[in-house]
$ cat upload-v8.txt   # compact mmCIF, C-alpha atoms and all ligand atoms
# COMPACT_ATOMS: atom_id res chain seq x y z
CA MET I 1 55.21 -32.61 6.90
CA SER I 2 54.63 -29.23 8.59
CA LYS I 3 56.65 -26.26 7.29
CA ASN I 4 59.02 -28.48 5.35
CA GLN I 5 56.94 -28.67 2.19
CA ALA I 6 57.55 -26.99 -1.13
CA LEU I 7 54.34 -24.94 -0.99
CA LEU I 8 55.38 -23.35 2.30
CA LYS I 9 58.83 -22.20 1.24
CA PRO I 10 59.19 -18.43 0.94
CA ILE I 11 59.61 -16.89 -2.50
CA THR I 12 60.83 -13.51 -3.71
CA VAL I 13 58.80 -11.87 -6.45
CA GLY I 14 60.24 -8.60 -7.71
CA ASN I 15 61.13 -6.82 -4.50
CA LEU I 16 58.47 -8.63 -2.46
CA ASN I 17 59.38 -11.36 0.00
CA LEU I 18 56.37 -13.65 0.08
CA SER I 19 56.01 -16.09 2.94
CA ASN I 20 54.73 -19.05 0.88
CA ARG I 21 53.68 -20.34 -2.52
CA VAL I 22 50.04 -20.97 -1.62
CA TRP I 23 48.65 -18.05 -3.61
CA MET I 24 45.01 -17.09 -3.85
CA ALA I 25 43.61 -17.21 -7.40
CA PRO I 26 41.44 -14.31 -8.58
CA MET I 27 37.76 -14.98 -7.92
CA THR I 28 34.74 -12.85 -8.73
CA ARG I 29 32.44 -12.84 -5.70
CA SER I 30 29.95 -10.12 -6.75
CA ARG I 31 29.76 -8.46 -3.33
CA ALA I 32 30.19 -4.84 -4.51
CA ALA I 33 26.44 -4.38 -4.41
CA ASN I 34 26.30 -0.59 -4.41
CA PRO I 35 25.71 1.97 -7.18
CA GLU I 36 29.42 2.88 -7.33
CA ASN I 37 30.59 -0.75 -7.52
CA LYS I 38 33.10 0.03 -4.80
CA PRO I 39 34.55 -2.46 -2.35
CA PHE I 40 33.68 -1.81 1.30
CA GLU I 41 34.06 -3.32 4.78
CA ILE I 42 33.15 -6.89 3.87
CA HIS I 43 35.79 -6.93 1.13
CA ALA I 44 38.42 -5.75 3.62
CA GLU I 45 37.32 -8.46 6.05
CA TYR I 46 37.29 -11.19 3.36
CA TYR I 47 40.77 -10.44 2.07
CA LYS I 48 42.16 -9.86 5.59
CA GLN I 49 41.01 -13.37 6.55
CA ARG I 50 43.07 -14.69 3.64
CA ALA I 51 46.22 -12.62 4.34
CA SER I 52 48.33 -15.69 5.25
CA SER I 53 48.40 -16.48 1.51
CA GLY I 54 51.82 -15.74 0.00
CA LEU I 55 50.02 -13.56 -2.53
CA ILE I 56 46.35 -12.70 -2.86
CA ILE I 57 45.18 -11.89 -6.37
CA THR I 58 41.84 -10.10 -6.08
CA GLU I 59 38.72 -10.78 -8.06
CA GLY I 60 38.63 -9.32 -11.56
CA SER I 61 37.99 -5.58 -11.24
CA GLN I 62 36.74 -3.63 -14.23
CA ILE I 63 39.05 -0.90 -15.51
CA SER I 64 36.15 1.13 -16.91
CA LYS I 65 32.37 1.17 -17.08
CA ARG I 66 32.77 -0.33 -20.55
CA GLY I 67 34.72 -3.26 -19.11
CA VAL I 68 32.00 -4.59 -16.81
CA GLY I 69 30.14 -7.80 -17.53
CA TYR I 70 28.71 -9.13 -14.29
CA ILE I 71 26.59 -7.62 -11.57
CA ASN I 72 28.18 -6.24 -8.41
CA THR I 73 31.80 -6.65 -9.45
CA PRO I 74 34.10 -3.94 -8.11
CA GLY I 75 35.80 -1.40 -10.33
CA ILE I 76 39.16 0.36 -10.19
CA TYR I 77 38.36 3.47 -12.25
CA SER I 78 36.70 5.91 -9.82
CA GLN I 79 37.93 7.72 -6.72
CA GLU I 80 35.26 6.03 -4.56
CA GLN I 81 36.52 2.65 -5.71
CA ILE I 82 40.13 3.62 -4.95
CA GLU I 83 39.09 4.68 -1.45
CA GLY I 84 37.29 1.36 -0.94
CA TRP I 85 40.33 -0.62 -2.09
CA LYS I 86 42.57 1.39 0.26
CA GLU I 87 40.75 -0.23 3.17
CA VAL I 88 41.31 -3.66 1.64
CA THR I 89 45.05 -3.23 1.09
CA LYS I 90 45.46 -1.71 4.55
CA ALA I 91 43.70 -4.66 6.19
CA VAL I 92 45.87 -7.19 4.30
CA HIS I 93 49.11 -5.32 5.00
CA GLU I 94 48.29 -5.07 8.71
CA GLU I 95 48.35 -8.87 8.70
CA ASN I 96 51.68 -8.88 6.79
CA GLY I 97 50.01 -10.15 3.65
CA HIS I 98 50.54 -9.14 0.01
CA ILE I 99 47.86 -8.34 -2.54
CA PHE I 100 47.66 -7.73 -6.31
CA ILE I 101 44.50 -6.56 -8.06
CA GLN I 102 43.31 -8.24 -11.24
CA LEU I 103 42.54 -5.71 -14.00
CA TRP I 104 39.62 -6.82 -16.12
CA HIS I 105 37.72 -5.97 -19.29
CA VAL I 106 35.19 -8.64 -20.28
CA GLY I 107 34.73 -7.50 -23.91
CA ARG I 108 31.98 -9.44 -25.66
CA ILE I 109 30.94 -11.38 -22.53
CA SER I 110 29.08 -8.23 -21.43
CA HIS I 111 25.52 -7.24 -22.31
CA PRO I 112 23.79 -4.01 -23.54
CA ASP I 113 21.93 -3.90 -20.20
CA PHE I 114 25.20 -2.75 -18.60
CA HIS I 115 25.75 0.00 -21.17
CA ASN I 116 22.41 1.81 -21.54
CA GLY I 117 21.62 -0.34 -24.54
CA ASP I 118 24.98 0.13 -26.30
CA LEU I 119 26.69 -2.96 -27.61
CA PRO I 120 29.59 -4.52 -25.70
CA LEU I 121 33.01 -3.96 -27.26
CA ALA I 122 35.09 -6.75 -28.78
CA PRO I 123 37.80 -7.27 -31.40
CA SER I 124 35.19 -8.38 -33.95
CA ALA I 125 31.40 -8.48 -34.25
CA ILE I 126 31.10 -12.16 -33.34
CA ASN I 127 28.63 -13.34 -30.71
CA PRO I 128 30.26 -15.73 -28.21
CA ASN I 129 26.81 -17.32 -27.71
CA VAL I 130 27.12 -17.68 -23.98
CA LYS I 131 25.18 -16.23 -21.07
CA SER I 132 25.85 -12.85 -19.51
CA TYR I 133 25.05 -12.34 -15.82
CA THR I 134 23.04 -9.11 -15.91
CA PRO I 135 21.11 -7.22 -13.22
CA GLU I 136 18.01 -9.09 -14.45
CA GLY I 137 19.63 -12.51 -14.33
CA PHE I 138 21.29 -14.56 -17.04
CA LYS I 139 20.71 -13.35 -20.61
CA GLU I 140 22.01 -14.50 -23.98
CA THR I 141 25.00 -12.51 -25.18
CA VAL I 142 24.61 -10.39 -28.31
CA THR I 143 26.76 -9.66 -31.33
CA PRO I 144 29.23 -7.07 -29.98
CA LYS I 145 30.59 -3.99 -31.70
CA ALA I 146 33.99 -4.40 -33.34
CA MET I 147 36.25 -1.90 -31.63
CA SER I 148 37.54 1.07 -33.56
CA LEU I 149 41.24 1.91 -33.34
CA GLU I 150 40.24 4.80 -31.11
CA GLU I 151 38.35 2.45 -28.77
CA ILE I 152 41.37 0.12 -28.60
CA LYS I 153 43.58 3.05 -27.71
CA GLN I 154 41.14 4.15 -25.03
CA THR I 155 41.01 0.63 -23.57
CA ILE I 156 44.81 0.47 -23.31
CA GLU I 157 44.63 3.84 -21.57
CA ASP I 158 41.98 2.43 -19.20
CA PHE I 159 44.26 -0.48 -18.26
CA LYS I 160 47.03 2.02 -17.54
CA ASN I 161 44.69 4.16 -15.48
CA GLY I 162 43.52 1.08 -13.55
CA ALA I 163 47.16 0.27 -12.73
CA LYS I 164 47.81 3.85 -11.63
CA ASN I 165 44.72 3.73 -9.42
CA ALA I 166 45.87 0.38 -8.02
CA MET I 167 49.14 1.97 -6.94
CA GLU I 168 47.23 4.81 -5.28
CA ALA I 169 45.04 2.25 -3.51
CA GLY I 170 48.14 0.60 -2.01
CA PHE I 171 48.26 -2.66 -3.98
CA ASP I 172 51.58 -4.52 -4.18
CA GLY I 173 51.02 -5.05 -7.89
CA ILE I 174 48.49 -5.83 -10.59
CA GLU I 175 47.55 -8.86 -12.68
CA ILE I 176 46.45 -8.31 -16.27
CA HIS I 177 43.43 -10.52 -16.94
CA SER I 178 44.28 -11.80 -20.39
CA SER I 179 42.66 -15.20 -19.96
CA ASN I 180 39.36 -17.04 -19.66
CA GLY I 181 37.80 -15.72 -22.83
CA TYR I 182 37.68 -12.04 -21.84
CA LEU I 183 38.70 -9.06 -23.97
CA LEU I 184 42.45 -9.63 -24.36
CA HIS I 185 41.96 -13.36 -24.89
CA GLN I 186 39.33 -12.50 -27.53
CA PHE I 187 42.04 -10.61 -29.40
CA PHE I 188 44.43 -13.58 -29.31
CA ASN I 189 42.02 -16.08 -30.78
CA GLY I 190 41.34 -16.36 -34.51
CA THR I 191 37.72 -17.40 -33.97
CA SER I 192 36.90 -14.22 -32.02
CA ASN I 193 39.26 -11.87 -33.86
CA VAL I 194 38.87 -11.59 -37.64
CA ARG I 195 40.18 -8.04 -37.89
CA THR I 196 42.06 -7.03 -40.98
CA ASP I 197 43.99 -4.15 -39.42
CA GLU I 198 47.13 -4.14 -37.24
CA TYR I 199 45.27 -6.02 -34.44
CA GLY I 200 44.22 -9.00 -36.57
CA GLY I 201 45.49 -11.49 -39.11
CA SER I 202 48.90 -12.65 -37.95
CA ILE I 203 49.72 -14.09 -34.54
CA GLU I 204 51.86 -11.03 -33.80
CA ASN I 205 48.97 -8.71 -34.62
CA ARG I 206 46.48 -10.63 -32.50
CA ALA I 207 48.85 -10.61 -29.52
CA LYS I 208 49.85 -6.97 -29.98
CA ILE I 209 47.28 -5.46 -27.61
CA LEU I 210 48.66 -7.39 -24.63
CA PHE I 211 52.12 -5.97 -25.13
CA GLU I 212 50.71 -2.49 -25.66
CA VAL I 213 48.83 -2.85 -22.37
CA ILE I 214 52.00 -3.97 -20.56
CA ASN I 215 54.02 -1.13 -22.10
CA ALA I 216 51.38 1.40 -21.07
CA ILE I 217 51.19 0.05 -17.52
CA LYS I 218 54.96 0.16 -17.24
CA GLU I 219 54.73 3.93 -17.50
CA VAL I 220 52.90 4.13 -14.17
CA MET I 221 54.41 1.30 -12.11
CA PRO I 222 57.47 -0.95 -11.99
CA GLU I 223 57.50 -3.87 -14.40
CA ASN I 224 58.30 -6.30 -11.59
CA LYS I 225 54.91 -5.62 -10.02
CA ILE I 226 52.99 -6.68 -13.13
CA GLY I 227 51.58 -10.21 -13.42
CA VAL I 228 49.98 -11.66 -16.56
CA ARG I 229 47.34 -14.39 -16.60
CA LEU I 230 46.81 -16.76 -19.55
CA ASN I 231 44.63 -19.80 -20.09
CA PRO I 232 46.09 -21.29 -23.30
CA SER I 233 43.86 -24.38 -23.49
CA LEU I 234 40.48 -22.84 -22.77
CA ASN I 235 38.00 -24.42 -25.13
CA GLY I 236 34.21 -24.47 -25.32
CA VAL I 237 34.02 -22.15 -22.32
CA PHE I 238 33.26 -18.40 -22.44
CA GLY I 239 32.91 -18.65 -26.21
CA MET I 240 36.50 -19.72 -26.84
CA LYS I 241 37.21 -22.21 -29.62
CA ALA I 242 40.64 -23.52 -30.48
CA ASP I 243 42.04 -23.48 -34.00
CA GLU I 244 45.32 -24.54 -35.57
CA GLU I 245 46.98 -21.30 -34.47
CA THR I 246 46.03 -21.51 -30.81
CA ILE I 247 49.18 -23.27 -29.59
CA PRO I 248 51.55 -21.23 -31.78
CA THR I 249 49.85 -18.06 -30.52
CA PHE I 250 50.48 -18.90 -26.88
CA ASP I 251 54.00 -20.10 -27.67
CA TYR I 252 54.65 -16.71 -29.24
CA ILE I 253 53.11 -14.72 -26.38
CA ILE I 254 54.90 -16.64 -23.64
CA ASN I 255 58.24 -16.43 -25.43
CA LYS I 256 57.81 -12.71 -25.87
CA LEU I 257 56.91 -12.20 -22.21
CA ASN I 258 60.53 -13.15 -21.50
CA GLU I 259 61.46 -9.71 -22.81
CA TYR I 260 59.91 -8.25 -19.66
CA ASP I 261 60.95 -8.49 -16.03
CA LEU I 262 57.42 -9.31 -14.87
CA ALA I 263 56.37 -10.24 -11.33
CA TYR I 264 55.06 -13.53 -12.68
CA LEU I 265 53.24 -15.40 -15.40
CA HIS I 266 50.05 -17.06 -14.15
CA LEU I 267 48.95 -20.05 -16.24
CA SER I 268 45.97 -22.37 -15.95
CA GLU I 269 46.02 -26.04 -16.82
CA PRO I 270 43.08 -26.87 -19.15
CA PHE I 271 39.66 -26.32 -17.55
CA THR I 272 38.28 -29.27 -19.56
CA ASP I 273 39.75 -32.49 -20.97
CA VAL I 274 41.44 -31.45 -24.20
CA SER I 275 43.47 -34.61 -24.78
CA ASP I 276 41.67 -35.47 -28.03
CA ASN I 277 41.93 -31.95 -29.46
CA PRO I 278 44.98 -31.59 -31.71
CA TYR I 279 44.84 -27.81 -31.41
CA LEU I 280 45.32 -27.77 -27.65
CA GLU I 281 48.06 -28.59 -25.19
CA SER I 282 47.07 -30.89 -22.31
CA HIS I 283 50.07 -30.13 -20.09
CA ILE I 284 50.49 -26.43 -19.70
CA ALA I 285 53.18 -26.28 -17.00
CA LYS I 286 55.22 -28.97 -18.76
CA ARG I 287 55.11 -27.11 -22.07
CA TYR I 288 55.70 -23.61 -20.78
CA ARG I 289 58.07 -24.05 -17.82
CA PRO I 290 61.03 -24.61 -20.14
CA ILE I 291 59.99 -21.61 -22.24
CA TYR I 292 59.20 -18.99 -19.60
CA LYS I 293 62.24 -17.75 -17.69
CA GLY I 294 60.54 -15.80 -14.89
CA THR I 295 58.33 -16.79 -11.94
CA LEU I 296 55.59 -19.16 -13.03
CA VAL I 297 52.42 -19.69 -11.02
CA ILE I 298 50.14 -22.54 -12.01
CA ASN I 299 46.43 -23.04 -11.37
CA ASN I 300 43.43 -25.29 -11.72
CA GLN I 301 42.29 -28.06 -9.44
CA PHE I 302 45.41 -28.27 -7.34
CA ASP I 303 45.38 -29.61 -3.81
CA GLN I 304 48.16 -29.82 -1.23
CA GLU I 305 49.72 -32.96 -2.65
CA LYS I 306 49.59 -31.95 -6.30
CA GLY I 307 50.78 -28.46 -5.40
CA ASN I 308 53.83 -29.69 -3.53
CA LYS I 309 54.61 -32.12 -6.31
CA ILE I 310 54.54 -29.63 -9.18
CA ILE I 311 56.89 -27.29 -7.33
CA GLU I 312 59.23 -30.15 -6.37
CA GLU I 313 59.31 -31.24 -10.00
CA GLY I 314 60.43 -27.74 -10.95
CA LEU I 315 57.40 -27.18 -13.20
CA ALA I 316 56.08 -24.16 -11.28
CA ASP I 317 57.26 -21.73 -8.60
CA ALA I 318 53.90 -21.20 -6.91
CA VAL I 319 50.33 -22.51 -7.10
CA ALA I 320 47.19 -20.37 -7.23
CA PHE I 321 44.31 -22.00 -5.38
CA GLY I 322 40.79 -20.86 -6.15
CA LYS I 323 37.81 -22.59 -4.60
CA LEU I 324 39.82 -23.99 -1.68
CA TYR I 325 40.42 -20.38 -0.61
CA ILE I 326 36.71 -19.65 -0.60
CA SER I 327 36.08 -22.13 2.20
CA ASN I 328 39.56 -22.25 3.81
CA PRO I 329 40.62 -18.67 4.50
CA ASP I 330 43.87 -19.79 6.19
CA LEU I 331 44.82 -22.42 3.60
CA PRO I 332 48.62 -22.30 4.26
CA VAL I 333 47.98 -22.85 7.97
CA ARG I 334 45.85 -25.87 7.14
CA PHE I 335 48.53 -27.25 4.83
CA GLU I 336 51.12 -26.74 7.56
CA ASN I 337 49.01 -28.73 10.00
CA ASN I 338 47.83 -31.25 7.42
CA ALA I 339 44.40 -30.24 8.64
CA GLN I 340 41.10 -31.22 7.14
CA LEU I 341 39.78 -28.84 4.50
CA ALA I 342 36.33 -27.27 4.55
CA GLU I 343 34.00 -27.73 1.57
CA TRP I 344 32.89 -24.69 -0.39
CA ASP I 345 29.25 -23.90 -1.06
CA GLN I 346 28.70 -23.10 -4.72
CA ASN I 347 25.30 -21.54 -3.99
CA THR I 348 26.93 -18.55 -2.29
CA PHE I 349 29.77 -17.89 -4.75
CA TYR I 350 28.06 -14.80 -6.17
CA THR I 351 25.31 -13.89 -3.68
CA PRO I 352 25.42 -10.53 -1.89
CA GLY I 353 26.46 -10.21 1.74
CA GLU I 354 28.53 -12.11 4.27
CA LYS I 355 27.00 -15.55 3.91
CA GLY I 356 29.43 -17.85 2.13
CA TYR I 357 31.91 -14.96 1.98
CA THR I 358 33.34 -13.96 5.33
CA ASP I 359 31.75 -16.66 7.51
CA TYR I 360 34.06 -19.60 6.77
CA PRO I 361 36.00 -20.15 10.02
CA LEU I 362 39.77 -20.16 10.45
CA LEU I 363 41.26 -23.51 11.47
CA GLU I 364 41.69 -22.32 15.05
CA GLU I 365 38.05 -21.29 15.27
CA SER I 366 36.81 -24.52 13.76
CA ILE I 367 38.82 -26.58 16.29
CA VAL I 368 37.58 -24.52 19.23
CA GLY I 369 34.07 -24.29 17.81
C1 LIG I 401 33.66 -18.15 -7.96
C2 LIG I 401 34.75 -18.05 -8.96
C3 LIG I 401 35.06 -16.83 -9.53
C4 LIG I 401 36.13 -16.69 -10.43
N1 LIG I 401 36.46 -15.46 -10.89
C5 LIG I 401 37.61 -15.28 -11.60
C6 LIG I 401 38.09 -13.97 -11.90
O1 LIG I 401 37.51 -12.95 -11.52
N2 LIG I 401 39.23 -13.89 -12.62
C7 LIG I 401 39.92 -14.99 -13.05
O2 LIG I 401 40.95 -14.86 -13.71
N3 LIG I 401 39.48 -16.23 -12.75
C8 LIG I 401 38.38 -16.41 -12.02
N4 LIG I 401 37.98 -17.67 -11.64
C9 LIG I 401 38.83 -18.81 -11.98
C10 LIG I 401 39.78 -19.12 -10.82
O3 LIG I 401 40.77 -18.11 -10.70
C11 LIG I 401 40.49 -20.47 -11.03
O4 LIG I 401 41.13 -20.45 -12.28
C12 LIG I 401 39.52 -21.65 -10.98
O5 LIG I 401 38.69 -21.57 -9.83
C13 LIG I 401 40.27 -22.98 -10.94
O6 LIG I 401 41.08 -23.07 -9.78
P1 LIG I 401 40.64 -24.01 -8.55
O7 LIG I 401 40.43 -25.39 -9.11
O8 LIG I 401 41.80 -23.95 -7.58
O9 LIG I 401 39.37 -23.44 -7.99
C14 LIG I 401 36.89 -17.83 -10.79
C15 LIG I 401 36.55 -19.07 -10.25
C16 LIG I 401 35.52 -19.19 -9.34
C17 LIG I 401 35.22 -20.52 -8.72
$ encode --input "upload-v8.txt" --output "structure tokens"
Amino acid sequence: MSKNQALLKPITVGNLNLSNRVWMAPMTRSRAANPENKPFEIHAEYYKQRASSGLIITEGSQISKRGVGYINTPGIYSQEQIEGWKEVTKAVHEENGHIFIQLWHVGRISHPDFHNGDLPLAPSAINPNVKSYTPEGFKETVTPKAMSLEEIKQTIEDFKNGAKNAMEAGFDGIEIHSSNGYLLHQFFNGTSNVRTDEYGGSIENRAKILFEVINAIKEVMPENKIGVRLNPSLNGVFGMKADEETIPTFDYIINKLNEYDLAYLHLSEPFTDVSDNPYLESHIAKRYRPIYKGTLVINNQFDQEKGNKIIEEGLADAVAFGKLYISNPDLPVRFENNAQLAEWDQNTFYTPGEKGYTDYPLLEESIVG
């Protein structure tokens, strides 16, 4: 099949000409094991190895100290972090790759251990009852503090500042992490947001913060370099529970995103089987492709065959691959050669250092070796 497959066709996103549609999904790898939570040489090496991807979306990177929720995740709020990321973007650009950074605030998935004993921030004081990955290992989450209007304003400002820093660090764009049960997703959902002010109650109010974040970011970078990630059918994971307004909420958000000239909308198919849940949509690309007018990237458990098929069917423009990129740094090259794929090792997803991070060979090396 070689180059003549849908996944390997070039695509233009904003003013970027991307060489293929085999994008790298954002993945936390917890390698920023230093007091500043800054990326360093191994991050540059890791992303450089994956530069043949049409677009790399980095791991979630906290926009503020308040936004952190896992150990050793990199930030994008301090000058040291910006300097670390500069090395990453330089390494990727030297290989003619493109890279967006994912801007992240975990909200109630965090733990007081990250905040000198202060409570994590969230739309409402509702414990997600999941585990937080703290410096002392996994701990039960707590009941978070419901954010004041001032704290919401500050958080929007932090997203904007993260985007500004991303531009300084040389990124080609940013992705707003508004999925997977983290802060912005917590605002969307009626089981995690019971506010009675302008950020709660109606669907419009619960979605409002996302549009305020986009509007703020637009002040510091072009709209066509902003990506948005959503996971409309997340259920029973990261404290998310569907209710009768879940589908209408995502319908509203995705319709409204058409008012922007975004780089892309990044959607995930359901992480779990939701076919018997009346409040959730089982076929995300099928539902939202006709609604969303811009570039749509789809994710979750795709392989070469399924990826080519969904693009050929016109249900997505690109596919974001996660775990396959952990163990196959040159995934597009492997697809081009219909080569065998390497298995990933789950035990080293989040462990410090190079093992399971930068030591997966390129196809060339594995043939020679
Ligand atoms: C190790 C690991 C870390 C992840 N970290 C993030 C993250 O930081 N941000 C995010 O939006 N999704 C994250 N995800 C979810 C992935 O982006 C993706 O949705 C998921 O792996 C499913 O895609 P796949 O089947 O191609 O792996 C992570 C997944 C894995 C396996």
$ residues_around --input "upload-v8.txt" --residues "region 326-339 of chain I" --least-positions-apart "5" --cutoff "6 Å" --atoms "all atoms listed in the file" --output "CSV table (one decimal) with C-alpha atoms, keeping the file's coordinate frame"
chain,number,residue,atom,x,y,z
I,2,SER,CA,54.6,-29.2,8.6
I,3,LYS,CA,56.6,-26.3,7.3
I,49,GLN,CA,41.0,-13.4,6.6
I,50,ARG,CA,43.1,-14.7,3.6
I,344,TRP,CA,32.9,-24.7,-0.4
I,360,TYR,CA,34.1,-19.6,6.8
I,362,LEU,CA,39.8,-20.2,10.4
$ residues_near_ligand --input "upload-v8.txt" --ligand "ligand LIG 401 (chain I)" --cutoff "6 Å" --atoms "all atoms listed in the file" --output "list in words"
Ala25, Pro26, Met27, Thr28, Arg29, Glu59, Gly60, His177, Asn299, Asn300, Gln301, Phe302, Phe321, Gly322, Lys323 and Phe349 of chain I
$ atom_distance --input "upload-v8.txt" --atom1 "CA of Ala44 (chain I)" --atom2 "CA of Glu343 (chain I)"
22.5 Å
$ residues_around --input "upload-v8.txt" --residues "Asp118 (chain I)" --least-positions-apart "6" --cutoff "12 Å" --atoms "all atoms listed in the file" --output "list in words"
Lys65, Arg66, Arg108, Ser110, His111, Pro112, Val142, Thr143, Pro144 and Lys145 of chain I
$ write_last_selection --input "upload-v8.txt" --atoms "C-alpha atoms" --output "short mmCIF file (atom, residue, chain, number, x, y, z; two decimals), in the coordinates of the input"
data_model
loop_
_atom_site.label_atom_id
_atom_site.label_comp_id
_atom_site.auth_asym_id
_atom_site.auth_seq_id
_atom_site.Cartn_x
_atom_site.Cartn_y
_atom_site.Cartn_z
CA LYS I 65 32.37 1.17 -17.08
CA ARG I 66 32.77 -0.33 -20.55
CA ARG I 108 31.98 -9.44 -25.66
CA SER I 110 29.08 -8.23 -21.43
CA HIS I 111 25.52 -7.24 -22.31
CA PRO I 112 23.79 -4.01 -23.54
CA VAL I 142 24.61 -10.39 -28.31
CA THR I 143 26.76 -9.66 -31.33
CA PRO I 144 29.23 -7.07 -29.98
CA LYS I 145 30.59 -3.99 -31.70
#
$ atom_distance --input "upload-v8.txt" --atom1 "CA of Leu265 (chain I)" --atom2 "CA of Leu296 (chain I)"
5.0 Å
$ closest_residue --input "upload-v8.txt" --among "I:His105, I:Arg31, I:Arg195, I:Lys139" --to "Gly69 (chain I)" --atoms "all atoms listed in the file"
I:His105
$ closest_residue --input "upload-v8.txt" --among "I:Lys218, I:Tyr279, I:Asp261, I:Thr191" --to "Pro232 (chain I)" --atoms "only C-alpha atoms"
I:Tyr279
$ atom_distance --input "upload-v8.txt" --atom1 "CA of Ile71 (chain I)" --atom2 "CA of Glu140 (chain I)"
14.9 Å
$ closest_residue --input "upload-v8.txt" --among "I:His98, I:Leu18, I:Glu151, I:Met24" --to "Leu324 (chain I)" --atoms "only C-alpha atoms"
I:Met24
$ residues_around --input "upload-v8.txt" --residues "Gly67 (chain I)" --least-positions-apart "4" --cutoff "12 Å" --atoms "all atoms listed in the file" --output "ChimeraX atom specification"
/I:60-63,71,73-77,103-112,114-115,119-122,151,154-156,158-159,162,177,182-184
